[in-house]
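One structure below.
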Amino acid sequence: GQARMTAAYEKIAESLPALLAPVGTEWWKYLHAHPEIEMYAPDGEHASPDGSEFAAEVIWNTIRSSLSSVK
């Protein structure tokens with residue numbers, strides 16, 4: 001599940017090194033906190049417009065945070 005994917009992505013990001021946006025981890029937290037929001041498209045696998053917007057926000061916040069720490 002999600003924990004295994006997160007661990008794999010963290011290991012890859014660390015080995016490169018690369019910036020890692022924790023979309024999956026944040027997605028599950030948000031999904032459980034806001035069950036009224038449909039995060040998945042009708043196929044049940046891809047993101048809905050709300051899910052896509054959420055993922056983009058997590059990615060942007062990760063990039064912005066990284067940029068603000070570089071001086």
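Letters for chains follow the order of the structure tokens (A, B, ...), residue numbers begin at 1 for each chain, and ligand numbers begin at 1 in the order shown.
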Can you build me a table of stretch 8-44 of chain A residues sitting at most 12 Å from stretch 54-64 of chain A, with the closest atom pair per residue and its distance in Å to one decimal, using only C-alpha atoms, sorted by chain and residue number, as a tab-separated table?
```
residue	atom	partner	partner_atom	distance
A:Ala18	CA	A:Ile63	CA	11.2
A:Leu19	CA	A:Ile63	CA	7.9
A:Leu20	CA	A:Thr62	CA	7.6
A:Ala21	CA	A:Ile59	CA	5.2
A:Pro22	CA	A:Val58	CA	7.1
A:Val23	CA	A:Ala55	CA	5.7
A:Gly24	CA	A:Ala55	CA	8.4
A:Thr25	CA	A:Val58	CA	10.1
A:Glu26	CA	A:Val58	CA	7.6
A:Trp27	CA	A:Ala55	CA	7.4
A:Trp28	CA	A:Ala55	CA	11.2
A:Lys29	CA	A:Phe54	CA	11.7
A:Tyr30	CA	A:Phe54	CA	9.0
A:Leu31	CA	A:Phe54	CA	10.4
A:Ile37	CA	A:Phe54	CA	10.8
A:Glu38	CA	A:Phe54	CA	11.1
A:Met39	CA	A:Phe54	CA	8.5
A:Tyr40	CA	A:Phe54	CA	11.2
```
Quick one: pick out all alpha helix (DSSP H) residues within chain A from a backbone DSSP run and write them as a count of residues only. 46
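Here atom CA of A:Gly1 is placed at a distance of 16.8 Å from atom CA of A:Ala47.
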Atom CA of A:Ser48 to atom CA of A:Gln2: how many Å, to one decimal? 18.4 Å
